[in-house]
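Right, one structure below, let's go through it.
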Protein chains: 2
Amino acid sequence: MQTTLKINAAWIITVDANNSVLEHHSVIVQEDTIIDILPQHEAHKYSADNTIELNEHALLPGFVNAHTHAAMSLLKGLADDLPLDEWLNEHIWPAESELADEQFVKDGSELALAEMIRGGTTCFNDMYFFIDQMAAVAEQAGIRANIGIPVIDFPTRWAQNLNEYISKGLAVRDRFNNNSLINFSFAPHAPYTVCDESLKIIQPLMDELGLSMHIHAHETRSEVEESIAEHGISPLMRLKNLNLLSPDLITVHMTALTDQEIQILAEHHVHVVHCPESNLKLASGFCPVNQLLNAGVNVALGTDGSASNNDIDMLGEMKTAALLAKGVTEKANALPAHQALRMATINGAKALGLQDKIGSIECGKQADLFAINLNSLETQPIYDVISTLVYSANRSQISDVWVAGKALMKNHKLTTLDEKAILEKTKQWQGKISPFHHKNHKAV
Amino acid sequence: MQTTLKINAAWIITVDANNSVLEHHSVIVQEDTIIDILPQHEAHKYSADNTIELNEHALLPGFVNAHTHAAMSLLKGLADDLPLDEWLNEHIWPAESELADEQFVKDGSELALAEMIRGGTTCFNDMYFFIDQMAAVAEQAGIRANIGIPVIDFPTRWAQNLNEYISKGLAVRDRFNNNSLINFSFAPHAPYTVCDESLKIIQPLMDELGLSMHIHAHETRSEVEESIAEHGISPLMRLKNLNLLSPDLITVHMTALTDQEIQILAEHHVHVVHCPESNLKLASGFCPVNQLLNAGVNVALGTDGSASNNDIDMLGEMKTAALLAKGVTEKANALPAHQALRMATINGAKALGLQDKIGSIECGKQADLFAINLNSLETQPIYDVISTLVYSANRSQISDVWVAGKALMKNHKLTTLDEKAILEKTKQWQGKISPFHHKNHKAV
């Protein structure tokens, strides 16, 4: 049988229900779809337009970065090691309000998407402004995206009021209706920046339009305390009272949760996105990942934006998540490597409602894949390839990336984005943004 | 003036007392010593046998890995995600007792040293058995080493009793007396595995021979509790009663410390080595790094062995240390990037008593250096080059490494170790070690 793509790999880390790892198998792709997975010695029954030999590599489902602000890549490292308030109020927000225009979002998103693809991410869940630019860059890059329609209770360069946020957002959604890789959701910033009245207008639109919601919540204990002071209840309980808790809700960060709230998240099948490096960097608190998983909550993994990380590296984020859970729970068997990998792939797919399409290497699913070369001193010996991947491997070992069967990176070279041009533009932005680098923030 | 080496770099991150970062400067090396650091446009007064242009790179003092067990690289990833007791008793110790012979130490050390050099480490503080093999490999590699003379209160393949541990260790020290890069210290494993009587024999030898001591202590709260149950005092107070607290003592891990103990460490100028990734992976607890630094304790950084990390990556370890300190203290300005860098360089040098020789780029110091190329999407833009280094850079960007003026890696190629041969030997060891991979530890 003639097919479009045959990939022979030393290991296929499927992330199927059994976490199967197949050695010396082939993945057969027809157009955008995985149509067979079989031992290499049986794969001769398929001819392919394109056969890729990955004798030193593991092949995996592409990472799903379940929370990011791609365009913020241009602010990466702008003001590190500062208290959260100072970081946000004196650096990030002033820089954004002065600089974050259409071109900023276009160029910052390009930088982020190039970094994502180089790091094996094939799908991401974004929240930012000028989503027309974001969607256009995603389309050009050929990556799968879930783009948040931003809503916030104050005017920005993108929109002046709730109506404009919603109408501009939905207009972009209509414009990209024909791109099967690009989906949209509502992305109200957070319960503390979006009032009940705004959320009450969005809620019925979700059902009507079949859109999910992506929202920051419980990022810090003080957010929860302020909500209780102002509303008498936590942000999560506010969302509950607004009938927003459902499998269509993706909540991001979720530190400072009570046992009862964990139970409520589980009962309503709300998705949680854990962003361990951002939570550490901003001293936000610890998301109780283990308790959430034990309660049956679907926990996905996100990098957050580059201003609070400072990378968009899902491989590194898995390691941080797996290590941090052990430290926080005082249990060395907490969050094992294969669970971190599920969070970074299939759990992200579930959060986005795409679990039937992506998140694992299984027949019938989209060919969203990446290959990583493990034949390096740093990743040898290999006793458990998933452990090697999570604890020892480095994203620079990722060589090839496909989305829907199309190669976005071949042997470390991007095919849809121009690395050199992006690097040049990034340096130009650095020249513009540096003056906003607050004098309080010493360079050394 | 004719010199041996001139390095022109875009940034020179000196880690001097002021954390100076010099742009477009040259480092001039004569034989093994840095003799000048000056602006590139003034550097024409020096000719050099060898001039290196690093226009996209930062040049740094080589990392000092202040605690590792190099040979354990062959056990990397053998048994992850297990409770500490099970990990040690059912996996690591059985594998070591069966396999850790001379050849294991030789081959494991080669693997580790190749990884270290590739990652910018130019000096390391080791603790393991068969130190004759370790020293020989370090000599071959041309790396700077502080090798611990192991002491433990039970027989191993290396020695049967205290006398043999000490005499064999000192004999190896004598044999490498002519290698100025290789130093030795006493390395009793830990207070719970080495009794007071043994420590009382070692203590006077330290003064007599001018040797420091390198010891695990307070790795977990239960170690401290068991010490109090058995001895009535913590491990640290035991060491104090034995008159071991001094600038010649390097204590590793140091979780579960009281405020009073922190004060005692400061008063006696005891060095602490923080191993954040190992502490996380084994759920050992949190070393109070910030409190220690605030109390004036010299805190260095170590990776620990590859069995409990699973890499020997000082760049990654800095990031973990900087992020973790913020999470643990709930302060986003805790352990800033430049402090993490000091821990990974000059503080390690201080712990080893080598602060006048290495740990920073300053005139008169040894030319122990590495260069990292920052011209990649992942490390642009750059607002603060130290922040970029710690939070965004990746060890695969490290291109060149020198120890005492000699290049150990040139443009990503090792010069003293044979990568291919090491990779082959590592795979052979994997074949021998895999059978010891306990059946309880599922591969997926």
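As shown in the structure tokens, the chain order sets the letters A, B, ...; within each chain, residues go from 1, and ligands are also counted from 1 in the order they appear.
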DSSP on the backbone, strand (DSSP E or B) only: what residues of segment 46-225 of chain A does that give? Format it as a tab-separated table (two decimals) with N, CA and C atoms, in the first residue's frame.
```
chain	number	residue	atom	x	y	z
A	47	SER	N	4.61	1.03	1.22
A	47	SER	CA	5.60	1.92	0.62
A	47	SER	C	5.18	3.33	1.02
A	48	ALA	N	6.13	4.23	1.02
A	48	ALA	CA	5.80	5.59	1.43
A	48	ALA	C	6.52	6.58	0.53
A	49	ASP	N	5.89	7.70	0.28
A	49	ASP	CA	6.54	8.76	-0.49
A	49	ASP	C	7.81	9.20	0.22
A	50	ASN	N	7.77	9.08	1.53
A	50	ASN	CA	8.85	9.61	2.35
A	50	ASN	C	9.07	8.66	3.52
A	51	THR	N	10.28	8.10	3.62
A	51	THR	CA	10.60	7.22	4.75
A	51	THR	C	11.69	7.86	5.59
A	52	ILE	N	11.46	7.94	6.89
A	52	ILE	CA	12.42	8.57	7.79
A	52	ILE	C	12.99	7.50	8.72
A	53	GLU	N	14.32	7.40	8.74
A	53	GLU	CA	14.99	6.42	9.61
A	53	GLU	C	15.45	7.12	10.89
A	54	LEU	N	14.93	6.66	12.00
A	54	LEU	CA	15.29	7.27	13.29
A	54	LEU	C	15.82	6.18	14.22
A	55	ASN	N	17.00	5.68	13.87
A	55	ASN	CA	17.54	4.51	14.58
A	55	ASN	C	18.04	4.82	15.99
A	56	GLU	N	18.26	6.07	16.24
A	56	GLU	CA	18.77	6.47	17.57
A	56	GLU	C	17.74	7.29	18.33
A	57	HIS	N	16.52	7.31	17.81
A	57	HIS	CA	15.54	8.27	18.31
A	57	HIS	C	14.34	7.59	18.97
A	58	ALA	N	13.74	8.37	19.85
A	58	ALA	CA	12.39	8.05	20.31
A	58	ALA	C	11.42	8.95	19.56
A	59	LEU	N	10.29	8.37	19.18
A	59	LEU	CA	9.22	9.13	18.52
A	59	LEU	C	8.09	9.29	19.52
A	60	LEU	N	7.61	10.50	19.66
A	60	LEU	CA	6.57	10.78	20.66
A	60	LEU	C	5.43	11.58	20.06
A	61	PRO	N	4.29	11.55	20.73
A	61	PRO	CA	3.24	12.51	20.35
A	61	PRO	C	3.74	13.91	20.69
A	63	PHE	N	4.19	17.60	22.06
A	63	PHE	CA	3.76	18.19	23.31
A	63	PHE	C	2.57	19.14	23.09
A	64	VAL	N	1.69	19.15	24.07
A	64	VAL	CA	0.59	20.12	24.08
A	64	VAL	C	0.88	21.09	25.24
A	65	ASN	N	1.26	22.29	24.89
A	65	ASN	CA	1.55	23.31	25.90
A	65	ASN	C	0.22	23.96	26.27
A	66	ALA	N	-0.29	23.61	27.46
A	66	ALA	CA	-1.68	23.93	27.78
A	66	ALA	C	-1.89	25.35	28.30
A	67	HIS	N	-0.82	26.12	28.43
A	67	HIS	CA	-1.00	27.53	28.81
A	67	HIS	C	0.23	28.33	28.45
A	68	THR	N	0.04	29.30	27.57
A	68	THR	CA	1.15	30.20	27.27
A	68	THR	C	0.63	31.54	26.78
A	121	THR	N	6.90	20.94	20.62
A	121	THR	CA	5.51	21.30	20.88
A	121	THR	C	4.76	21.41	19.56
A	122	THR	N	3.64	20.71	19.47
A	122	THR	CA	2.87	20.72	18.23
A	122	THR	C	1.51	21.37	18.40
A	123	CYS	N	1.16	21.70	19.63
A	123	CYS	CA	-0.14	22.32	19.90
A	123	CYS	C	0.01	23.17	21.15
A	124	PHE	N	-0.61	24.35	21.15
A	124	PHE	CA	-0.50	25.20	22.34
A	124	PHE	C	-1.80	25.95	22.56
A	125	ASN	N	-1.99	26.30	23.81
A	125	ASN	CA	-3.20	26.98	24.27
A	125	ASN	C	-2.79	28.38	24.67
A	126	ASP	N	-3.16	29.38	23.87
A	126	ASP	CA	-2.62	30.72	24.05
A	126	ASP	C	-3.64	31.70	24.62
A	127	MET	N	-3.12	32.72	25.25
A	127	MET	CA	-3.96	33.80	25.78
A	127	MET	C	-3.18	35.10	25.63
A	144	ARG	N	-0.57	23.49	15.46
A	144	ARG	CA	-1.94	23.41	15.96
A	144	ARG	C	-2.08	24.37	17.14
A	145	ALA	N	-3.18	25.11	17.17
A	145	ALA	CA	-3.31	26.14	18.20
A	145	ALA	C	-4.72	26.21	18.74
A	146	ASN	N	-4.81	26.51	20.01
A	146	ASN	CA	-6.08	26.93	20.58
A	146	ASN	C	-5.87	28.35	21.07
A	147	ILE	N	-6.56	29.28	20.43
A	147	ILE	CA	-6.29	30.70	20.68
A	147	ILE	C	-7.40	31.27	21.54
A	148	GLY	N	-7.00	31.88	22.62
A	148	GLY	CA	-7.97	32.46	23.55
A	148	GLY	C	-8.46	33.81	23.07
A	149	ILE	N	-9.78	33.99	23.09
A	149	ILE	CA	-10.36	35.30	22.79
A	149	ILE	C	-10.29	36.09	24.09
A	150	PRO	N	-9.41	37.10	24.15
A	150	PRO	CA	-9.16	37.72	25.45
A	150	PRO	C	-10.32	38.60	25.89
A	151	VAL	N	-10.56	38.59	27.19
A	151	VAL	CA	-11.53	39.49	27.81
A	151	VAL	C	-10.93	39.99	29.11
A	182	ILE	N	-6.59	25.35	13.77
A	182	ILE	CA	-6.73	26.49	14.69
A	182	ILE	C	-8.12	26.53	15.30
A	183	ASN	N	-8.14	26.42	16.61
A	183	ASN	CA	-9.39	26.52	17.36
A	183	ASN	C	-9.35	27.74	18.25
A	184	PHE	N	-10.49	28.08	18.78
A	184	PHE	CA	-10.59	29.25	19.66
A	184	PHE	C	-11.34	28.89	20.94
A	185	SER	N	-11.07	29.65	21.97
A	185	SER	CA	-11.86	29.54	23.19
A	185	SER	C	-12.00	30.95	23.76
A	186	PHE	N	-12.90	31.11	24.73
A	186	PHE	CA	-12.92	32.37	25.46
A	186	PHE	C	-11.81	32.36	26.50
A	187	ALA	N	-11.15	33.50	26.63
A	187	ALA	CA	-10.04	33.57	27.59
A	187	ALA	C	-10.16	34.82	28.46
A	188	PRO	N	-11.17	34.84	29.33
A	188	PRO	CA	-11.18	35.94	30.31
A	188	PRO	C	-9.93	35.83	31.18
A	213	MET	N	-13.62	27.63	27.85
A	213	MET	CA	-13.07	28.82	28.51
A	213	MET	C	-11.71	28.49	29.13
A	214	HIS	N	-10.80	29.43	28.99
A	214	HIS	CA	-9.41	29.32	29.44
A	214	HIS	C	-9.16	30.52	30.35
A	215	ILE	N	-8.89	30.27	31.64
A	215	ILE	CA	-8.81	31.37	32.60
A	215	ILE	C	-7.74	31.09	33.66
A	216	HIS	N	-6.99	32.14	34.03
A	216	HIS	CA	-6.11	32.05	35.19
A	216	HIS	C	-6.98	32.01	36.44
A	217	ALA	N	-6.61	31.21	37.44
A	217	ALA	CA	-7.34	31.26	38.72
A	217	ALA	C	-6.46	30.71	39.83
```
I'd like the neighbourhood of Thr251 of chain A as a ChimeraX atom specification, where a residue qualifies if any of its atoms comes within 12 Å (using only C-alpha atoms), though same-chain residues fewer than 4 positions away should be ignored. /A:66-67,125,186-191,212-219,235-236,239,244-247,255,265,269-275,287,297-302,351-352
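Distance annotation: of A:Gly142, A:Gly327, A:Gly169, A:Gly305, the residue with the minimal separation from chain B is A:Gly327; atom set is only C-alpha atoms.
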Would you mind listing what lies within 12 Å of Lys106 of chain B as number ranges by chain, with only C-alpha atoms counted and same-chain residues fewer than 2 positions away left out? B: 70-74, 100-104, 108-113, 128-141, 422, 425-426, 429
I need the chosen residues saved as a CSV table (one decimal), in the first residue's frame, with C-alpha atoms.
```csv
chain,number,residue,atom,x,y,z
B,70,ALA,CA,31.1,10.6,38.9
B,71,ALA,CA,31.2,6.9,38.4
B,72,MET,CA,27.5,6.6,39.2
B,73,SER,CA,26.8,7.9,35.7
B,74,LEU,CA,26.5,4.3,34.6
B,100,ALA,CA,31.1,-1.3,41.1
B,101,ASP,CA,34.6,-2.5,40.4
B,102,GLU,CA,37.7,-0.8,39.0
B,103,GLN,CA,36.4,-1.0,35.5
B,104,PHE,CA,33.0,0.4,36.5
B,108,GLY,CA,31.6,5.6,34.7
B,109,SER,CA,34.0,8.4,35.5
B,110,GLU,CA,34.9,8.8,31.9
B,111,LEU,CA,31.3,9.1,31.0
B,112,ALA,CA,30.7,11.7,33.8
B,113,LEU,CA,33.8,13.7,32.9
B,128,TYR,CA,33.4,7.4,45.4
B,129,PHE,CA,35.5,4.2,45.6
B,130,PHE,CA,38.5,3.1,43.4
B,131,ILE,CA,39.8,6.6,43.5
B,132,ASP,CA,43.0,5.5,41.7
B,133,GLN,CA,40.8,5.0,38.6
B,134,MET,CA,39.0,8.3,39.2
B,135,ALA,CA,42.3,10.2,39.5
B,136,ALA,CA,43.7,8.5,36.4
B,137,VAL,CA,40.6,9.5,34.3
B,138,ALA,CA,40.7,13.0,35.6
B,139,GLU,CA,44.4,13.3,34.7
B,140,GLN,CA,43.7,12.0,31.2
B,141,ALA,CA,40.8,14.4,30.8
B,422,ILE,CA,32.7,6.3,25.8
B,425,LYS,CA,31.4,1.4,26.6
B,426,THR,CA,28.4,2.9,28.2
B,429,TRP,CA,27.6,-1.5,30.7
```
Which of these residues is nearest to chain A, using only C-alpha atoms: B:Leu323, B:Ala95, B:Leu5, B:Ala340?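 Answer, going by the shortest atom-to-atom distance: B:Leu323.
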Among segment 46-232 of chain B, which residues does DSSP mark as helix (DSSP H, G or I) when it is run on the backbone? Keep the chain and numbering as in the structure and answer as an MDAnalysis selection string. chainID B and resid 70:75 84:99 102:118 131:141 162:175 196:209 221:231
Between B:Asp80, B:Asp107, B:Asp248, B:Glu226, which one has atoms that come closest to Leu417 of chain B, using only C-alpha atoms?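 Result for the nearest residue to Leu417 of chain B: B:Asp107.
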Nearby residues (only C-alpha atoms) at most 10 Å from His25 of chain A, same-chain spacing under 3 positions excluded, as a compact mmCIF listing (two decimals) with C-alpha atoms, in the first residue's frame:
```txt
# COMPACT_ATOMS: atom_id res chain seq x y z
CA ILE A 7 8.78 6.69 10.26
CA ASN A 8 11.03 3.92 11.61
CA ALA A 9 12.05 4.63 15.18
CA ALA A 10 14.14 2.89 17.82
CA TRP A 11 11.43 3.62 20.38
CA ILE A 12 7.84 4.70 19.92
CA VAL A 21 6.70 1.77 24.50
CA LEU A 22 7.32 -0.06 21.23
CA ILE A 28 2.61 4.81 8.97
CA ILE A 37 1.84 1.18 13.94
CA LEU A 38 3.70 -2.09 13.46
CA PRO A 39 7.08 -3.79 13.91
CA GLN A 40 9.64 -2.55 11.42
CA HIS A 41 10.13 -6.03 10.01
CA GLU A 42 6.46 -6.08 9.02
CA ALA A 43 6.40 -2.55 7.67
CA LEU A 59 9.22 9.13 18.52
```
